[in-house]
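Colleague: If it helps, the file is called work-v3.pdb and holds PDB, C-alpha atoms, pLDDT in the B column:
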```pdb
ATOM      1  CA  MET A   1       0.000   0.000   0.000  1.00 47.00           C
ATOM      2  CA  THR A   2       1.416   3.362  -0.986  1.00 47.00           C
ATOM      3  CA  GLU A   3       1.726   6.405   1.254  1.00 48.00           C
ATOM      4  CA  PRO A   4      -1.094   8.358  -0.516  1.00 55.00           C
ATOM      5  CA  GLU A   5      -3.484   5.382  -0.093  1.00 56.00           C
ATOM      6  CA  LEU A   6      -2.756   5.234   3.628  1.00 55.00           C
ATOM      7  CA  ASP A   7      -3.196   8.970   3.875  1.00 87.00           C
ATOM      8  CA  ILE A   8      -6.609   9.046   2.166  1.00 92.00           C
ATOM      9  CA  LYS A   9      -7.855   6.052   4.172  1.00 93.00           C
ATOM     10  CA  THR A  10      -6.874   7.775   7.409  1.00 93.00           C
ATOM     11  CA  ARG A  11      -8.507  11.014   6.283  1.00 95.00           C
ATOM     12  CA  ILE A  12     -11.720   9.145   5.517  1.00 96.00           C
ATOM     13  CA  LEU A  13     -11.665   7.428   8.928  1.00 96.00           C
ATOM     14  CA  LEU A  14     -11.000  10.689  10.779  1.00 96.00           C
ATOM     15  CA  ALA A  15     -13.783  12.440   8.870  1.00 96.00           C
ATOM     16  CA  ALA A  16     -16.236   9.612   9.534  1.00 97.00           C
ATOM     17  CA  LYS A  17     -15.324   9.521  13.232  1.00 97.00           C
ATOM     18  CA  LYS A  18     -15.924  13.253  13.554  1.00 97.00           C
ATOM     19  CA  LEU A  19     -19.249  13.172  11.714  1.00 98.00           C
ATOM     20  CA  PHE A  20     -20.569   9.992  13.370  1.00 97.00           C
ATOM     21  CA  ALA A  21     -19.848  11.590  16.759  1.00 96.00           C
ATOM     22  CA  GLN A  22     -21.571  14.855  15.816  1.00 96.00           C
ATOM     23  CA  GLN A  23     -24.500  13.620  13.707  1.00 96.00           C
ATOM     24  CA  GLY A  24     -24.749   9.905  14.396  1.00 96.00           C
ATOM     25  CA  TYR A  25     -24.220   7.128  11.900  1.00 97.00           C
ATOM     26  CA  ASP A  26     -27.664   7.405  10.302  1.00 96.00           C
ATOM     27  CA  GLY A  27     -27.385  11.194  10.054  1.00 96.00           C
ATOM     28  CA  THR A  28     -24.128  11.009   8.126  1.00 97.00           C
ATOM     29  CA  SER A  29     -23.870  10.270   4.408  1.00 97.00           C
ATOM     30  CA  VAL A  30     -20.913   8.882   2.507  1.00 97.00           C
ATOM     31  CA  ARG A  31     -20.868  12.139   0.538  1.00 97.00           C
ATOM     32  CA  GLN A  32     -20.507  14.152   3.794  1.00 97.00           C
ATOM     33  CA  ILE A  33     -17.653  11.916   4.918  1.00 97.00           C
ATOM     34  CA  CYS A  34     -15.861  12.385   1.605  1.00 96.00           C
ATOM     35  CA  ASP A  35     -16.466  16.130   1.572  1.00 96.00           C
ATOM     36  CA  GLU A  36     -14.975  16.344   5.074  1.00 95.00           C
ATOM     37  CA  ALA A  37     -12.014  14.149   4.032  1.00 95.00           C
ATOM     38  CA  GLY A  38     -11.479  15.887   0.708  1.00 92.00           C
ATOM     39  CA  ALA A  39     -11.905  12.562  -1.060  1.00 93.00           C
ATOM     40  CA  ASN A  40     -13.813  11.195  -4.025  1.00 93.00           C
ATOM     41  CA  VAL A  41     -17.016   9.363  -3.017  1.00 94.00           C
ATOM     42  CA  SER A  42     -15.922   6.213  -4.844  1.00 94.00           C
ATOM     43  CA  LEU A  43     -12.943   5.842  -2.475  1.00 94.00           C
ATOM     44  CA  VAL A  44     -15.177   4.741   0.419  1.00 95.00           C
ATOM     45  CA  SER A  45     -16.323   1.728  -1.589  1.00 93.00           C
ATOM     46  CA  TYR A  46     -12.850   1.129  -2.989  1.00 94.00           C
ATOM     47  CA  HIS A  47     -11.018   1.194   0.366  1.00 93.00           C
ATOM     48  CA  PHE A  48     -13.706  -0.008   2.753  1.00 96.00           C
ATOM     49  CA  GLY A  49     -16.629  -1.513   0.859  1.00 95.00           C
ATOM     50  CA  GLY A  50     -19.220   0.955   2.148  1.00 95.00           C
ATOM     51  CA  LYS A  51     -20.260   3.003   5.170  1.00 97.00           C
ATOM     52  CA  GLU A  52     -20.823  -0.033   7.442  1.00 96.00           C
ATOM     53  CA  LYS A  53     -17.235  -1.127   6.879  1.00 97.00           C
ATOM     54  CA  VAL A  54     -16.027   2.404   7.606  1.00 97.00           C
ATOM     55  CA  PHE A  55     -17.803   2.185  10.965  1.00 97.00           C
ATOM     56  CA  GLU A  56     -16.033  -1.089  11.781  1.00 96.00           C
ATOM     57  CA  ALA A  57     -12.699   0.292  10.580  1.00 96.00           C
ATOM     58  CA  ILE A  58     -13.041   3.257  12.938  1.00 96.00           C
ATOM     59  CA  PHE A  59     -13.188   0.853  15.889  1.00 94.00           C
ATOM     60  CA  GLU A  60     -10.314  -1.239  14.558  1.00 92.00           C
ATOM     61  CA  HIS A  61      -8.208   1.880  14.060  1.00 91.00           C
ATOM     62  CA  PHE A  62      -9.092   4.121  17.021  1.00 91.00           C
ATOM     63  CA  PHE A  63     -10.499   1.962  19.823  1.00 88.00           C
ATOM     64  CA  PRO A  64      -7.785   0.815  22.246  1.00 79.00           C
ATOM     65  CA  GLY A  65      -8.717  -2.852  21.913  1.00 66.00           C
ATOM     66  CA  HIS A  66      -5.126  -3.792  22.622  1.00 64.00           C
ATOM     67  CA  MET A  67      -5.426  -2.138  26.044  1.00 61.00           C
ATOM     68  CA  LEU A  68      -5.534  -5.344  28.093  1.00 59.00           C
ATOM     69  CA  THR A  69      -2.490  -6.779  26.324  1.00 61.00           C
ATOM     70  CA  ASP A  70      -0.505  -3.548  26.484  1.00 63.00           C
ATOM     71  CA  LEU A  71      -1.221  -3.090  30.178  1.00 64.00           C
ATOM     72  CA  ALA A  72      -0.233  -6.693  30.982  1.00 72.00           C
ATOM     73  CA  VAL A  73      -3.354  -6.894  33.149  1.00 75.00           C
ATOM     74  CA  GLU A  74      -3.209 -10.703  33.191  1.00 78.00           C
ATOM     75  CA  SER A  75      -0.181 -10.643  35.489  1.00 84.00           C
ATOM     76  CA  MET A  76      -1.597  -8.038  37.899  1.00 90.00           C
ATOM     77  CA  SER A  77      -3.333  -8.377  41.230  1.00 94.00           C
ATOM     78  CA  PRO A  78      -7.049  -7.472  41.343  1.00 96.00           C
ATOM     79  CA  VAL A  79      -6.256  -4.040  42.821  1.00 96.00           C
ATOM     80  CA  GLU A  80      -3.584  -3.313  40.203  1.00 94.00           C
ATOM     81  CA  GLY A  81      -5.748  -4.582  37.347  1.00 94.00           C
ATOM     82  CA  ILE A  82      -8.846  -2.604  38.341  1.00 96.00           C
ATOM     83  CA  SER A  83      -6.683   0.489  38.847  1.00 95.00           C
ATOM     84  CA  LYS A  84      -5.063   0.169  35.421  1.00 92.00           C
ATOM     85  CA  ILE A  85      -8.282  -0.482  33.520  1.00 93.00           C
ATOM     86  CA  VAL A  86     -10.313   2.248  35.262  1.00 95.00           C
ATOM     87  CA  GLY A  87      -7.477   4.723  34.683  1.00 94.00           C
ATOM     88  CA  GLU A  88      -7.244   3.832  30.992  1.00 92.00           C
ATOM     89  CA  VAL A  89     -11.027   4.059  30.512  1.00 93.00           C
ATOM     90  CA  VAL A  90     -11.046   7.562  32.007  1.00 93.00           C
ATOM     91  CA  LYS A  91      -8.040   8.655  29.927  1.00 93.00           C
ATOM     92  CA  PHE A  92      -9.452   7.233  26.693  1.00 91.00           C
ATOM     93  CA  THR A  93     -12.893   8.798  27.139  1.00 90.00           C
ATOM     94  CA  MET A  94     -11.360  12.150  28.091  1.00 89.00           C
ATOM     95  CA  THR A  95      -8.870  12.267  25.217  1.00 90.00           C
ATOM     96  CA  ASP A  96     -11.005  10.847  22.408  1.00 91.00           C
ATOM     97  CA  TRP A  97     -14.442  12.402  22.908  1.00 90.00           C
ATOM     98  CA  GLU A  98     -15.493  11.527  19.376  1.00 94.00           C
ATOM     99  CA  MET A  99     -14.850   7.813  19.748  1.00 94.00           C
ATOM    100  CA  SER A 100     -16.396   7.624  23.190  1.00 91.00           C
ATOM    101  CA  ASP A 101     -19.423   9.632  21.965  1.00 92.00           C
ATOM    102  CA  ILE A 102     -19.910   7.122  19.139  1.00 95.00           C
ATOM    103  CA  VAL A 103     -19.769   4.259  21.653  1.00 93.00           C
ATOM    104  CA  GLN A 104     -22.300   5.943  23.939  1.00 90.00           C
ATOM    105  CA  LEU A 105     -24.660   6.817  21.080  1.00 92.00           C
ATOM    106  CA  GLU A 106     -24.630   3.344  19.535  1.00 94.00           C
ATOM    107  CA  ILE A 107     -25.254   1.650  22.892  1.00 92.00           C
ATOM    108  CA  THR A 108     -28.132   4.030  23.585  1.00 91.00           C
ATOM    109  CA  LEU A 109     -29.713   3.509  20.149  1.00 93.00           C
ATOM    110  CA  ASN A 110     -29.169  -0.275  20.290  1.00 94.00           C
ATOM    111  CA  THR A 111     -28.871  -0.736  16.534  1.00 92.00           C
ATOM    112  CA  HIS A 112     -27.361  -3.679  14.648  1.00 93.00           C
ATOM    113  CA  ARG A 113     -24.045  -1.776  14.910  1.00 95.00           C
ATOM    114  CA  THR A 114     -24.128  -2.192  18.697  1.00 95.00           C
ATOM    115  CA  ALA A 115     -22.739  -5.709  18.220  1.00 95.00           C
ATOM    116  CA  THR A 116     -19.599  -4.172  16.683  1.00 93.00           C
ATOM    117  CA  VAL A 117     -19.282  -1.815  19.659  1.00 94.00           C
ATOM    118  CA  PHE A 118     -19.624  -4.648  22.167  1.00 93.00           C
ATOM    119  CA  ARG A 119     -17.069  -6.741  20.307  1.00 92.00           C
ATOM    120  CA  PHE A 120     -14.548  -4.108  21.380  1.00 90.00           C
ATOM    121  CA  LEU A 121     -15.988  -3.283  24.820  1.00 90.00           C
ATOM    122  CA  ASP A 122     -16.680  -6.800  26.094  1.00 90.00           C
ATOM    123  CA  PRO A 123     -13.060  -7.923  26.645  1.00 89.00           C
ATOM    124  CA  VAL A 124     -12.371  -4.867  28.816  1.00 89.00           C
ATOM    125  CA  TRP A 125     -15.485  -5.102  30.990  1.00 91.00           C
ATOM    126  CA  THR A 126     -15.293  -8.914  31.184  1.00 91.00           C
ATOM    127  CA  LYS A 127     -11.788  -8.517  32.599  1.00 91.00           C
ATOM    128  CA  VAL A 128     -13.069  -5.994  35.164  1.00 94.00           C
ATOM    129  CA  ASN A 129     -15.764  -8.481  36.170  1.00 96.00           C
ATOM    130  CA  ASP A 130     -13.168 -11.272  36.498  1.00 94.00           C
ATOM    131  CA  LEU A 131     -10.889  -9.044  38.597  1.00 96.00           C
ATOM    132  CA  LEU A 132     -13.797  -8.126  40.887  1.00 97.00           C
ATOM    133  CA  GLN A 133     -14.608 -11.814  41.382  1.00 97.00           C
ATOM    134  CA  GLU A 134     -10.953 -12.633  42.016  1.00 96.00           C
ATOM    135  CA  GLY A 135     -10.621  -9.775  44.496  1.00 97.00           C
ATOM    136  CA  LYS A 136     -13.809 -10.836  46.290  1.00 97.00           C
ATOM    137  CA  ASP A 137     -12.624 -14.461  46.483  1.00 97.00           C
ATOM    138  CA  GLN A 138      -9.280 -13.334  47.910  1.00 96.00           C
ATOM    139  CA  GLY A 139     -10.982 -11.063  50.450  1.00 96.00           C
ATOM    140  CA  VAL A 140      -9.260  -8.022  48.937  1.00 96.00           C
ATOM    141  CA  PHE A 141     -12.549  -6.409  47.838  1.00 97.00           C
ATOM    142  CA  GLN A 142     -15.201  -5.995  50.495  1.00 97.00           C
ATOM    143  CA  ILE A 143     -18.242  -6.469  48.253  1.00 97.00           C
ATOM    144  CA  ASP A 144     -21.425  -8.522  48.588  1.00 96.00           C
ATOM    145  CA  SER A 145     -22.161  -8.815  44.888  1.00 97.00           C
ATOM    146  CA  VAL A 146     -19.815  -8.760  41.904  1.00 97.00           C
ATOM    147  CA  SER A 147     -22.729  -7.673  39.687  1.00 97.00           C
ATOM    148  CA  TYR A 148     -23.551  -4.672  41.861  1.00 97.00           C
ATOM    149  CA  ALA A 149     -19.889  -3.767  42.191  1.00 97.00           C
ATOM    150  CA  MET A 150     -19.517  -3.997  38.414  1.00 97.00           C
ATOM    151  CA  LEU A 151     -22.365  -1.510  37.922  1.00 96.00           C
ATOM    152  CA  GLN A 152     -20.756   0.900  40.369  1.00 96.00           C
ATOM    153  CA  VAL A 153     -17.282   0.616  38.848  1.00 96.00           C
ATOM    154  CA  MET A 154     -18.653   1.234  35.347  1.00 94.00           C
ATOM    155  CA  GLY A 155     -20.775   4.129  36.600  1.00 92.00           C
ATOM    156  CA  VAL A 156     -17.874   5.867  38.312  1.00 94.00           C
ATOM    157  CA  ALA A 157     -15.419   5.229  35.459  1.00 93.00           C
ATOM    158  CA  LEU A 158     -17.838   6.772  32.951  1.00 90.00           C
ATOM    159  CA  ALA A 159     -19.466   9.451  35.132  1.00 87.00           C
ATOM    160  CA  HIS A 160     -17.619  12.297  33.408  1.00 81.00           C
ATOM    161  CA  LYS A 161     -19.193  11.252  30.079  1.00 76.00           C
ATOM    162  CA  ARG A 162     -22.717  11.610  31.444  1.00 70.00           C
ATOM    163  CA  ALA A 163     -21.891  14.801  33.343  1.00 68.00           C
ATOM    164  CA  LYS A 164     -20.589  16.498  30.188  1.00 63.00           C
ATOM    165  CA  ASN A 165     -24.116  17.088  28.906  1.00 61.00           C
ATOM    166  CA  SER A 166     -25.766  17.702  32.260  1.00 60.00           C
ATOM    167  CA  ARG A 167     -27.043  21.020  33.587  1.00 57.00           C
ATOM    168  CA  PHE A 168     -24.088  21.176  35.952  1.00 63.00           C
ATOM    169  CA  THR A 169     -21.190  23.101  34.535  1.00 62.00           C
ATOM    170  CA  PHE A 170     -17.842  21.378  34.370  1.00 66.00           C
ATOM    171  CA  ASN A 171     -14.900  23.048  32.707  1.00 68.00           C
ATOM    172  CA  TYR A 172     -13.431  20.096  30.829  1.00 67.00           C
ATOM    173  CA  GLU A 173     -10.760  22.224  29.168  1.00 70.00           C
ATOM    174  CA  ASP A 174      -9.173  22.904  32.574  1.00 75.00           C
ATOM    175  CA  MET A 175      -9.470  19.312  33.810  1.00 82.00           C
ATOM    176  CA  ASP A 176      -6.264  17.378  34.208  1.00 90.00           C
ATOM    177  CA  THR A 177      -6.984  13.961  32.659  1.00 91.00           C
ATOM    178  CA  ASP A 178      -4.326  12.163  34.712  1.00 94.00           C
ATOM    179  CA  LYS A 179      -5.605  13.701  37.934  1.00 94.00           C
ATOM    180  CA  LEU A 180      -9.203  12.785  37.091  1.00 93.00           C
ATOM    181  CA  ALA A 181      -8.075   9.226  36.334  1.00 95.00           C
ATOM    182  CA  GLU A 182      -6.176   8.975  39.626  1.00 96.00           C
ATOM    183  CA  GLN A 183      -9.083  10.331  41.684  1.00 95.00           C
ATOM    184  CA  THR A 184     -11.515   8.009  39.889  1.00 95.00           C
ATOM    185  CA  ILE A 185      -9.272   5.035  40.690  1.00 96.00           C
ATOM    186  CA  GLU A 186      -9.087   6.132  44.328  1.00 96.00           C
ATOM    187  CA  PHE A 187     -12.889   6.478  44.525  1.00 95.00           C
ATOM    188  CA  VAL A 188     -13.445   3.047  42.943  1.00 97.00           C
ATOM    189  CA  LEU A 189     -10.956   1.322  45.240  1.00 97.00           C
ATOM    190  CA  ARG A 190     -12.438   2.919  48.362  1.00 96.00           C
ATOM    191  CA  GLY A 191     -15.855   1.751  47.196  1.00 96.00           C
ATOM    192  CA  LEU A 192     -14.445  -1.763  46.947  1.00 97.00           C
ATOM    193  CA  GLY A 193     -13.094  -1.498  50.478  1.00 96.00           C
ATOM    194  CA  VAL A 194      -9.463  -0.883  49.577  1.00 95.00           C
ATOM    195  CA  ASN A 195      -7.476   1.991  51.067  1.00 77.00           C
ATOM    196  CA  ARG A 196      -4.105   2.217  49.347  1.00 73.00           C
ATOM    197  CA  HIS A 197      -2.831   4.799  51.815  1.00 64.00           C
ATOM    198  CA  GLU A 198      -3.210   2.822  55.027  1.00 56.00           C
TER     199      GLU A 198
END
```
Using structure tokens, write down the structure that the file contains.

Modeller:
Amino acid sequence: MTEPELDIKTRILLAAKKLFAQQGYDGTSVRQICDEAGANVSLVSYHFGGKEKVFEAIFEHFFPGHMLTDLAVESMSPVEGISKIVGEVVKFTMTDWEMSDIVQLEITLNTHRTATVFRFLDPVWTKVNDLLQEGKDQGVFQIDSVSYAMLQVMGVALAHKRAKNSRFTFNYEDMDTDKLAEQTIEFVLRGLGVNRHE
């Protein structure tokens, strides 16, 4: 594949990601994507095989599906693993609003594309569930129910996404992503009965 082909494919993906986040998948046409990318309409079919394939390619290209492998979560204790994953979820959703908005929108709409979204989300949240069970079994997490704890961990890790469009004003431009991630981790661990500073 030549450099110009890679460049136009990336431009198409970036344009589609931006427009899907702003207007939704159904509200975005191939023509709009190509106008935004400065590309000929035929290139979407040529490179991707249509708009559906562009949607899938966005997840393959921009979603941190490699996160569990890169973080080496498998070799971590439940506390370390939960901390790493929660921190990465916060950082990803704070640094790539477009991608995380697409995820949120597709889950809310529950379309046939939701299966693609869950193909990327499931490994991450399944690992969180497994770590919660492991931590409960070891007596590290003081929880009655893994299911309830899972709901709370997800809720806290994604709270800033829901708050963004609330009537409460948060200045996201001034928020330190690393600090928010660290405080979210601390809040989650305390909720699980872990105090790292004792």

Colleague: Identify which of the residues A:Ile102, A:Asp26, A:Lys9, A:Lys17 lies closest to Ala39 (chain A), counting only C-alpha atoms when measuring atom-to-atom distances.

Modeller: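 Looking only at the distances to Ala39 (chain A), the closest residue turns out to be A:Lys9.
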
Colleague: Between A:Lys84, A:Arg31, A:Arg162, A:Arg11, which one has atoms that come closest to Thr184 (chain A), using only C-alpha atoms?

Modeller: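 Using only C-alpha atoms, the shortest distance to Thr184 (chain A) belongs to A:Lys84.
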
Colleague: For Thr28 (chain A), list every protein, DNA or RNA residue within 12 Å, evaluated using all atoms listed in the file, and leave out those in the same chain fewer than 4 positions away; present the list as a list of chain:residue names.

Modeller: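 Those residues are A:Ala15, A:Ala16, A:Lys17, A:Lys18, A:Leu19, A:Phe20, A:Ala21, A:Gln22, A:Gln23, A:Gly24, A:Gln32, A:Ile33, A:Cys34, A:Asp35, A:Glu36, A:Lys51, A:Glu52, A:Val54, A:Phe55.
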
Colleague: If you count only C-alpha atoms, which residues fall within 9 Å of Val146 (chain A), apart from same-chain ones fewer than 2 positions away, as a PyMOL selection string?

Modeller: chain A and resi 129-130+132-133+136+143-144+148-151

Colleague: What gap, in Å, lies between CA of Gly191 (chain A) and CA of Asp176 (chain A)?

Modeller: 22.5 Å

Colleague: Suppose a student applies the PyMOL selection byres ((chain A and resi 114) around 12) to this structure; what residues should they get, written as a PyMOL selection string?

Modeller: chain A and resi 25+52+55-56+59+102-113+115-122

Colleague: For Ser75 (chain A), which of A:Thr10, A:Leu131, A:Gly193, A:Gly87 is the closest residue, counting all atoms listed in the file?

Modeller: A:Leu131

Colleague: Go through A:Ala159, A:Met99, A:Val41, A:Ala72 one by one, measure the shortest atom-to-atom distance of each to Leu14 (chain A) using only C-alpha atoms, and give the residue with the smallest value.

Modeller: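 Of the candidates, the smallest distance to Leu14 (chain A) is held by A:Met99.
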
Colleague: Kindly resolve the PyMOL selection byres ((chain A and resi 43) around 10) on the present coordinates and return the residues as a ChimeraX atom specification.

Modeller: /A:5,8-9,12,30,34,39-42,44-50

Colleague: Tell me, in Å to one decimal, how far CA of Val188 (chain A) is from CA of Lys161 (chain A).

Modeller: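 Distance between the two atoms: 16.3 Å.
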
Colleague: Would you mind telling me which residue in A:Lys179, A:Phe92, A:Val140, A:Glu98 lies nearest to Leu13 (chain A) when using all atoms listed in the file?

Modeller: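 The shortest atom-to-atom distance to Leu13 (chain A) comes from A:Glu98.
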
Colleague: Using all atoms listed in the file for the distances, tell me which of A:Asn195, A:Asp178, A:Arg190, A:Pro123 is nearest to Glu88 (chain A).

Modeller: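 Ranked by minimum distance to Glu88 (chain A), first place goes to A:Asp178.
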